[in-house]
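Text of the file target.cif, holding mmCIF, C-alpha atoms; chains and numbers go by the auth columns:
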```cif
data_query
#
loop_
_atom_site.group_PDB
_atom_site.id
_atom_site.type_symbol
_atom_site.label_atom_id
_atom_site.label_comp_id
_atom_site.label_asym_id
_atom_site.label_seq_id
_atom_site.Cartn_x
_atom_site.Cartn_y
_atom_site.Cartn_z
_atom_site.B_iso_or_equiv
_atom_site.auth_seq_id
_atom_site.auth_asym_id
ATOM 1 C CA MET A 1 104.130 26.060 77.730 0.00 1 A
ATOM 2 C CA LYS A 2 103.422 27.026 74.104 0.00 2 A
ATOM 3 C CA ARG A 3 99.987 28.328 75.087 0.00 3 A
ATOM 4 C CA ARG A 4 101.515 30.734 77.617 0.00 4 A
ATOM 5 C CA SER A 5 103.998 32.160 75.071 0.00 5 A
ATOM 6 C CA PHE A 6 101.175 32.652 72.526 0.00 6 A
ATOM 7 C CA ILE A 7 99.142 34.598 75.100 0.00 7 A
ATOM 8 C CA SER A 8 102.203 36.687 75.998 0.00 8 A
ATOM 9 C CA LEU A 9 102.833 37.417 72.324 0.00 9 A
ATOM 10 C CA LEU A 10 99.180 38.354 71.794 0.00 10 A
ATOM 11 C CA LEU A 11 99.226 40.650 74.840 0.00 11 A
ATOM 12 C CA CYS A 12 102.453 42.371 73.700 0.00 12 A
ATOM 13 C CA THR A 13 101.002 42.889 70.209 0.00 13 A
ATOM 14 C CA ALA A 14 97.823 44.410 71.661 0.00 14 A
ATOM 15 C CA ILE A 15 99.818 46.778 73.876 0.00 15 A
ATOM 16 C CA ALA A 16 102.051 47.858 70.969 0.00 16 A
ATOM 17 C CA SER A 17 99.034 48.432 68.713 0.00 17 A
ATOM 18 C CA GLY A 18 97.222 50.443 71.380 0.00 18 A
ATOM 19 C CA GLY A 19 100.333 52.546 71.976 0.00 19 A
ATOM 20 C CA SER A 20 100.659 53.360 68.306 0.00 20 A
ATOM 21 C CA LEU A 21 96.994 54.404 68.168 0.00 21 A
ATOM 22 C CA LEU A 22 97.520 56.728 71.130 0.00 22 A
ATOM 23 C CA LEU A 23 100.610 58.280 69.574 0.00 23 A
ATOM 24 C CA SER A 24 98.956 58.780 66.193 0.00 24 A
ATOM 25 C CA GLY A 25 96.070 60.577 67.957 0.00 25 A
ATOM 26 C CA CYS A 26 98.539 63.218 69.101 0.00 26 A
ATOM 27 C CA THR A 27 99.345 64.237 65.536 0.00 27 A
ATOM 28 C CA SER A 28 95.811 65.015 64.393 0.00 28 A
ATOM 29 C CA ASP A 29 96.588 68.760 64.157 0.00 29 A
ATOM 30 C CA ASP A 30 99.498 68.299 61.738 0.00 30 A
ATOM 31 C CA TYR A 31 97.327 69.064 58.702 0.00 31 A
ATOM 32 C CA TRP A 32 96.489 72.590 59.886 0.00 32 A
ATOM 33 C CA PRO A 33 98.668 75.261 58.220 0.00 33 A
ATOM 34 C CA TYR A 34 99.775 77.912 60.729 0.00 34 A
ATOM 35 C CA TYR A 35 101.311 80.217 58.164 0.00 35 A
ATOM 36 C CA PRO A 36 99.900 83.331 56.510 0.00 36 A
ATOM 37 C CA PRO A 37 97.963 83.209 53.266 0.00 37 A
ATOM 38 C CA SER A 38 99.686 84.462 50.121 0.00 38 A
ATOM 39 C CA GLY A 39 100.047 88.212 49.905 0.00 39 A
ATOM 40 C CA TRP A 40 101.004 88.767 53.534 0.00 40 A
ATOM 41 C CA GLY A 41 104.716 88.793 52.820 0.00 41 A
ATOM 42 C CA GLY A 42 107.130 88.378 55.707 0.00 42 A
ATOM 43 C CA ASN A 43 105.988 91.245 57.925 0.00 43 A
ATOM 44 C CA TYR A 44 103.318 89.359 59.891 0.00 44 A
ATOM 45 C CA PHE A 45 103.448 88.624 63.604 0.00 45 A
ATOM 46 C CA TYR A 46 101.438 86.964 66.365 0.00 46 A
ATOM 47 C CA ASP A 47 100.215 89.654 68.760 0.00 47 A
ATOM 48 C CA SER A 48 100.772 88.239 72.254 0.00 48 A
ATOM 49 C CA ARG A 49 98.344 90.833 73.677 0.00 49 A
ATOM 50 C CA LEU A 50 95.553 88.737 72.125 0.00 50 A
ATOM 51 C CA ASN A 51 96.521 85.576 74.044 0.00 51 A
ATOM 52 C CA GLY A 52 93.682 84.353 76.238 0.00 52 A
ATOM 53 C CA ASP A 53 89.904 84.054 76.096 0.00 53 A
ATOM 54 C CA TRP A 54 87.506 86.625 74.607 0.00 54 A
ATOM 55 C CA GLU A 55 83.712 86.930 74.610 0.00 55 A
ATOM 56 C CA LEU A 56 81.644 88.937 72.110 0.00 56 A
ATOM 57 C CA THR A 57 79.785 91.549 74.159 0.00 57 A
ATOM 58 C CA SER A 58 78.745 94.201 71.625 0.00 58 A
ATOM 59 C CA SER A 59 77.954 94.401 67.927 0.00 59 A
ATOM 60 C CA SER A 60 77.135 97.293 65.621 0.00 60 A
ATOM 61 C CA ILE A 61 74.533 95.144 63.846 0.00 61 A
ATOM 62 C CA GLY A 62 72.352 94.433 66.871 0.00 62 A
ATOM 63 C CA GLU A 63 72.143 93.381 70.476 0.00 63 A
ATOM 64 C CA VAL A 64 74.239 90.390 71.471 0.00 64 A
ATOM 65 C CA GLY A 65 71.944 87.926 73.246 0.00 65 A
ATOM 66 C CA THR A 66 73.102 84.890 75.202 0.00 66 A
ATOM 67 C CA ARG A 67 72.858 82.577 72.166 0.00 67 A
ATOM 68 C CA ASP A 68 74.407 85.175 69.825 0.00 68 A
ATOM 69 C CA ARG A 69 77.664 85.269 71.728 0.00 69 A
ATOM 70 C CA ASN A 70 80.766 83.779 70.306 0.00 70 A
ATOM 71 C CA TYR A 71 84.154 83.307 71.842 0.00 71 A
ATOM 72 C CA MET A 72 87.736 83.325 70.660 0.00 72 A
ATOM 73 C CA GLU A 73 90.639 81.656 72.361 0.00 73 A
ATOM 74 C CA PHE A 74 94.113 82.732 71.243 0.00 74 A
ATOM 75 C CA PHE A 75 96.865 80.312 72.288 0.00 75 A
ATOM 76 C CA GLY A 76 99.738 82.288 70.730 0.00 76 A
ATOM 77 C CA GLY A 77 101.935 81.523 67.756 0.00 77 A
ATOM 78 C CA GLY A 78 99.025 81.675 65.315 0.00 78 A
ATOM 79 C CA HIS A 79 96.902 78.978 67.001 0.00 79 A
ATOM 80 C CA GLY A 80 93.429 79.381 68.448 0.00 80 A
ATOM 81 C CA ARG A 81 89.833 78.165 68.692 0.00 81 A
ATOM 82 C CA TYR A 82 86.553 79.827 67.758 0.00 82 A
ATOM 83 C CA TYR A 83 83.408 78.957 69.756 0.00 83 A
ATOM 84 C CA TYR A 84 79.871 79.665 68.567 0.00 84 A
ATOM 85 C CA PHE A 85 76.305 78.531 69.217 0.00 85 A
ATOM 86 C CA SER A 86 74.598 76.220 66.722 0.00 86 A
ATOM 87 C CA ASN A 87 71.118 74.844 67.427 0.00 87 A
ATOM 88 C CA GLY A 88 71.466 75.913 71.054 0.00 88 A
ATOM 89 C CA ARG A 89 74.759 74.064 71.565 0.00 89 A
ATOM 90 C CA LEU A 90 78.194 75.592 71.922 0.00 90 A
ATOM 91 C CA GLU A 91 80.395 74.288 69.100 0.00 91 A
ATOM 92 C CA SER A 92 84.031 75.016 68.341 0.00 92 A
ATOM 93 C CA GLU A 93 86.522 74.863 65.528 0.00 93 A
ATOM 94 C CA GLU A 94 90.210 75.454 65.184 0.00 94 A
ATOM 95 C CA MET A 95 91.480 78.747 63.822 0.00 95 A
ATOM 96 C CA ALA A 96 94.789 80.180 62.686 0.00 96 A
ATOM 97 C CA TYR A 97 95.554 83.902 62.863 0.00 97 A
ATOM 98 C CA PHE A 98 98.172 86.343 61.621 0.00 98 A
ATOM 99 C CA CYS A 99 98.596 90.000 62.519 0.00 99 A
ATOM 100 C CA GLN A 100 100.143 92.880 60.625 0.00 100 A
ATOM 101 C CA GLU A 101 100.517 96.607 61.143 0.00 101 A
ATOM 102 C CA ALA A 102 97.849 98.108 58.910 0.00 102 A
ATOM 103 C CA GLN A 103 99.724 101.226 57.812 0.00 103 A
ATOM 104 C CA GLY A 104 103.383 100.521 58.438 0.00 104 A
ATOM 105 C CA PRO A 105 105.572 100.228 61.519 0.00 105 A
ATOM 106 C CA GLY A 106 104.678 102.536 64.392 0.00 106 A
ATOM 107 C CA SER A 107 101.208 103.423 63.073 0.00 107 A
ATOM 108 C CA GLY A 108 99.445 101.711 65.974 0.00 108 A
ATOM 109 C CA LEU A 109 96.852 100.385 63.518 0.00 109 A
ATOM 110 C CA TYR A 110 96.631 96.624 63.136 0.00 110 A
ATOM 111 C CA LYS A 111 94.857 94.059 61.022 0.00 111 A
ATOM 112 C CA ILE A 112 94.282 90.378 61.661 0.00 112 A
ATOM 113 C CA ASN A 113 93.529 87.547 59.283 0.00 113 A
ATOM 114 C CA ILE A 114 91.651 84.642 60.850 0.00 114 A
ATOM 115 C CA GLN A 115 91.399 81.350 58.998 0.00 115 A
ATOM 116 C CA TYR A 116 88.729 78.978 60.302 0.00 116 A
ATOM 117 C CA GLU A 117 88.771 75.199 60.189 0.00 117 A
ATOM 118 C CA ASP A 118 85.722 75.178 57.894 0.00 118 A
ATOM 119 C CA GLY A 119 87.812 76.932 55.216 0.00 119 A
ATOM 120 C CA SER A 120 86.412 80.436 55.626 0.00 120 A
ATOM 121 C CA ASP A 121 88.555 83.413 56.553 0.00 121 A
ATOM 122 C CA ALA A 122 88.223 87.062 57.505 0.00 122 A
ATOM 123 C CA THR A 123 90.577 90.033 57.562 0.00 123 A
ATOM 124 C CA MET A 124 89.689 92.788 60.036 0.00 124 A
ATOM 125 C CA ARG A 125 91.159 95.860 61.641 0.00 125 A
ATOM 126 C CA TYR A 126 91.598 95.483 65.369 0.00 126 A
ATOM 127 C CA SER A 127 92.631 97.466 68.401 0.00 127 A
ATOM 128 C CA LEU A 128 92.983 96.782 72.096 0.00 128 A
ATOM 129 C CA SER A 129 91.974 99.183 74.862 0.00 129 A
ATOM 130 C CA ASN A 130 91.248 99.319 78.604 0.00 130 A
ATOM 131 C CA GLY A 131 94.554 97.716 79.536 0.00 131 A
ATOM 132 C CA ASN A 132 94.166 95.037 76.818 0.00 132 A
ATOM 133 C CA THR A 133 90.831 93.843 78.243 0.00 133 A
ATOM 134 C CA SER A 134 88.703 95.137 75.360 0.00 134 A
ATOM 135 C CA LEU A 135 89.212 94.028 71.751 0.00 135 A
ATOM 136 C CA MET A 136 87.548 95.870 68.871 0.00 136 A
ATOM 137 C CA MET A 137 87.350 94.110 65.492 0.00 137 A
ATOM 138 C CA GLN A 138 86.053 95.967 62.462 0.00 138 A
ATOM 139 C CA TRP A 139 85.466 95.058 58.805 0.00 139 A
ATOM 140 C CA ARG A 140 83.319 96.031 55.829 0.00 140 A
ATOM 141 C CA ALA A 141 80.523 93.852 54.470 0.00 141 A
ATOM 142 C CA SER A 142 77.929 94.839 51.860 0.00 142 A
ATOM 143 C CA GLY A 143 79.144 98.445 51.943 0.00 143 A
ATOM 144 C CA GLU A 144 78.667 98.715 55.705 0.00 144 A
ATOM 145 C CA THR A 145 81.237 98.841 58.512 0.00 145 A
ATOM 146 C CA ILE A 146 80.660 96.123 61.110 0.00 146 A
ATOM 147 C CA THR A 147 82.186 96.448 64.579 0.00 147 A
ATOM 148 C CA TYR A 148 82.429 93.718 67.205 0.00 148 A
ATOM 149 C CA ILE A 149 83.645 94.354 70.730 0.00 149 A
ATOM 150 C CA TYR A 150 85.081 91.431 72.695 0.00 150 A
ATOM 151 C CA SER A 151 85.852 91.457 76.412 0.00 151 A
ATOM 152 C CA ARG A 152 88.628 89.433 77.985 0.00 152 A
ATOM 153 C CA ILE A 153 87.256 86.637 80.182 0.00 153 A
ATOM 154 C CA ASN A 154 88.893 84.086 82.472 0.00 154 A
ATOM 155 C CA THR A 155 87.674 81.000 80.623 0.00 155 A
ATOM 156 C CA ILE A 156 85.330 79.911 77.823 0.00 156 A
ATOM 157 C CA PRO A 157 82.032 78.680 79.374 0.00 157 A
ATOM 158 C CA TRP A 158 82.363 75.299 77.720 0.00 158 A
#
```
Go ahead and render the structure in this file as structure tokens.
Amino acid sequence: MKRRSFISLLLCTAIASGGSLLLSGCTSDDYWPYYPPSGWGGNYFYDSRLNGDWELTSSSIGEVGTRDRNYMEFFGGGHGRYYYFSNGRLESEEMAYFCQEAQGPGSGLYKINIQYEDGSDATMRYSLSNGNTSLMMQWRASGETITYIYSRINTIPW
């Protein structure tokens, strides 16, 4: 009789421990700050027109080959993922983003700040065209203007 109650107690403990491990796995994203960096004030927003999957199709710095492509997935509310090739494998990392009108309300000019999981960030001008199926991102680096064109796709080829 005592042996059976010990086994029952052991089984209940194992189930409770396993349940707590599963629940703690759900909170792994809690460390990620989905708020704008300092200097953005309170006039930022999350552009819902960006929601969905995007593939880099054109670059002002050279042809975009199959292994040069990268992808962005905007979930909304400042959350997303960035996908890129590394050593021939598609890798991904979490990203946060914040949008702002570049030259005041009604200007139609926008900028986006993307913060990557690896700690890097980038602020770029952006615009949407072709019924929100084409996304242009533009920034300056080493005195040169770099332009990337992304096309909306149905899903990331993961």
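When only C-alpha atoms are used to measure the gap to A:Tyr148, the shortest distance among A:Ile61, A:Met72, A:Met95, A:Ile114 belongs to A:Ile61.
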Which of A:Ser127, A:Ser134, A:Ser120, A:Ser38 sits closest to A:Ser58 [using all atoms listed in the file]: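 Going through A:Ser127, A:Ser134, A:Ser120, A:Ser38 one by one, the smallest distance to A:Ser58 is for A:Ser134.
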Evaluate the PyMOL selection byres ((chain A and resi 54) around 8) and report residues as a ChimeraX atom specification: /A:52-53,55-56,71-73,150-153,156
Local residues around (108.2, 87.6, 60.1), at most 12 Å away, using all atoms listed in the file, as a list in words: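 The requested residues, written out, are Tyr35, Pro36, Trp40, Gly41, Gly42, Asn43, Tyr44, Phe45, Tyr46, Asp47, Gly77, Phe98, Cys99, Gln100 and Glu101 of chain A.
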Spatial neighbours of A:Phe74, max dist 7 Å, only C-alpha atoms, sep filter under 4 positions, as JSON, numbers by chain: {"A": [50, 51, 52, 53, 79, 80, 81]}
Residues of the last selection are to be written out with C-alpha atoms, as a short mmCIF file (atom, residue, chain, number, x, y, z; two decimals), keeping the file's coordinate frame.
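Output saved as part-v5.cif:
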```
data_model
loop_
_atom_site.label_atom_id
_atom_site.label_comp_id
_atom_site.auth_asym_id
_atom_site.auth_seq_id
_atom_site.Cartn_x
_atom_site.Cartn_y
_atom_site.Cartn_z
CA LEU A 50 95.55 88.74 72.12
CA ASN A 51 96.52 85.58 74.04
CA GLY A 52 93.68 84.35 76.24
CA ASP A 53 89.90 84.05 76.10
CA HIS A 79 96.90 78.98 67.00
CA GLY A 80 93.43 79.38 68.45
CA ARG A 81 89.83 78.17 68.69
#
```
Residue nearest A:Met136 among A:Ala96, A:Leu90, A:Ile149, A:Val64 (counting only C-alpha atoms):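 Using only C-alpha atoms, A:Met136 sits closest to A:Ile149.
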Ground truth for the PyMOL selection byres ((chain A and resi 158) around 10), written as a PyMOL selection string: chain A and resi 83+89-92+155-157
Would you export the selected residues with C-alpha atoms as a PDB file, in the frame of the given file, please?
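And here's result.pdb as it stands now:
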```
ATOM      1  CA  TYR A  83      83.408  78.957  69.756  1.00  0.00           C
ATOM      2  CA  ARG A  89      74.759  74.064  71.565  1.00  0.00           C
ATOM      3  CA  LEU A  90      78.194  75.592  71.922  1.00  0.00           C
ATOM      4  CA  GLU A  91      80.395  74.288  69.100  1.00  0.00           C
ATOM      5  CA  SER A  92      84.031  75.016  68.341  1.00  0.00           C
ATOM      6  CA  THR A 155      87.674  81.000  80.623  1.00  0.00           C
ATOM      7  CA  ILE A 156      85.330  79.911  77.823  1.00  0.00           C
ATOM      8  CA  PRO A 157      82.032  78.680  79.374  1.00  0.00           C
TER       9      PRO A 157
END
```
Where atoms are lacking, stretch 111-133 of chain A completed to N, CA, C and O atoms, as a compact mmCIF listing (two decimals), in the coordinates of the input:
```txt
# COMPACT_ATOMS: atom_id res chain seq x y z
N LYS A 111 95.87 94.91 61.64
CA LYS A 111 94.86 94.06 61.02
C LYS A 111 95.18 92.61 61.36
O LYS A 111 96.33 92.26 61.65
N ILE A 112 94.14 91.79 61.34
CA ILE A 112 94.28 90.38 61.66
C ILE A 112 93.57 89.58 60.58
O ILE A 112 92.50 89.99 60.11
N ASN A 113 94.17 88.49 60.19
CA ASN A 113 93.53 87.55 59.28
C ASN A 113 93.28 86.29 60.09
O ASN A 113 94.20 85.73 60.67
N ILE A 114 92.02 85.87 60.15
CA ILE A 114 91.65 84.64 60.85
C ILE A 114 91.19 83.63 59.82
O ILE A 114 90.35 83.92 58.98
N GLN A 115 91.79 82.45 59.87
CA GLN A 115 91.40 81.35 59.00
C GLN A 115 90.74 80.29 59.87
O GLN A 115 91.34 79.82 60.84
N TYR A 116 89.50 79.93 59.52
CA TYR A 116 88.73 78.98 60.30
C TYR A 116 88.87 77.57 59.73
O TYR A 116 89.11 77.41 58.54
N GLU A 117 88.65 76.61 60.58
CA GLU A 117 88.77 75.20 60.19
C GLU A 117 87.84 74.84 59.04
O GLU A 117 88.15 73.99 58.22
N ASP A 118 86.67 75.50 58.96
CA ASP A 118 85.72 75.18 57.89
C ASP A 118 86.15 75.73 56.53
O ASP A 118 85.44 75.56 55.54
N GLY A 119 87.31 76.42 56.48
CA GLY A 119 87.81 76.93 55.22
C GLY A 119 87.54 78.41 55.00
O GLY A 119 88.12 79.01 54.10
N SER A 120 86.68 79.01 55.79
CA SER A 120 86.41 80.44 55.63
C SER A 120 87.51 81.25 56.30
O SER A 120 88.28 80.74 57.10
N ASP A 121 87.58 82.53 55.92
CA ASP A 121 88.56 83.41 56.55
C ASP A 121 88.00 84.83 56.59
O ASP A 121 87.01 85.13 55.94
N ALA A 122 88.64 85.67 57.38
CA ALA A 122 88.22 87.06 57.50
C ALA A 122 89.45 87.90 57.84
O ALA A 122 90.29 87.49 58.63
N THR A 123 89.54 89.07 57.22
CA THR A 123 90.58 90.03 57.56
C THR A 123 89.89 91.26 58.13
O THR A 123 88.95 91.79 57.53
N MET A 124 90.33 91.69 59.31
CA MET A 124 89.69 92.79 60.04
C MET A 124 90.74 93.72 60.62
O MET A 124 91.85 93.29 60.90
N ARG A 125 90.35 94.96 60.83
CA ARG A 125 91.16 95.86 61.64
C ARG A 125 90.86 95.52 63.09
O ARG A 125 89.75 95.10 63.42
N TYR A 126 91.85 95.71 63.95
CA TYR A 126 91.60 95.48 65.37
C TYR A 126 92.40 96.45 66.22
O TYR A 126 93.42 97.00 65.78
N SER A 127 91.90 96.67 67.42
CA SER A 127 92.63 97.47 68.40
C SER A 127 92.27 96.96 69.79
O SER A 127 91.19 96.39 70.00
N LEU A 128 93.18 97.16 70.70
CA LEU A 128 92.98 96.78 72.10
C LEU A 128 92.91 98.05 72.93
O LEU A 128 93.60 99.03 72.63
N SER A 129 92.09 98.03 73.97
CA SER A 129 91.97 99.18 74.86
C SER A 129 91.69 98.69 76.29
O SER A 129 91.60 97.48 76.52
N ASN A 130 91.54 99.62 77.20
CA ASN A 130 91.25 99.32 78.60
C ASN A 130 92.25 98.33 79.19
O ASN A 130 91.87 97.32 79.78
N GLY A 131 93.52 98.61 79.00
CA GLY A 131 94.55 97.72 79.54
C GLY A 131 94.54 96.34 78.89
O GLY A 131 94.79 95.33 79.55
N ASN A 132 94.25 96.28 77.60
CA ASN A 132 94.17 95.04 76.82
C ASN A 132 93.07 94.10 77.30
O ASN A 132 93.16 92.89 77.16
N THR A 133 91.98 94.67 77.83
CA THR A 133 90.83 93.84 78.24
C THR A 133 89.64 94.01 77.30
O THR A 133 88.63 93.33 77.45
```
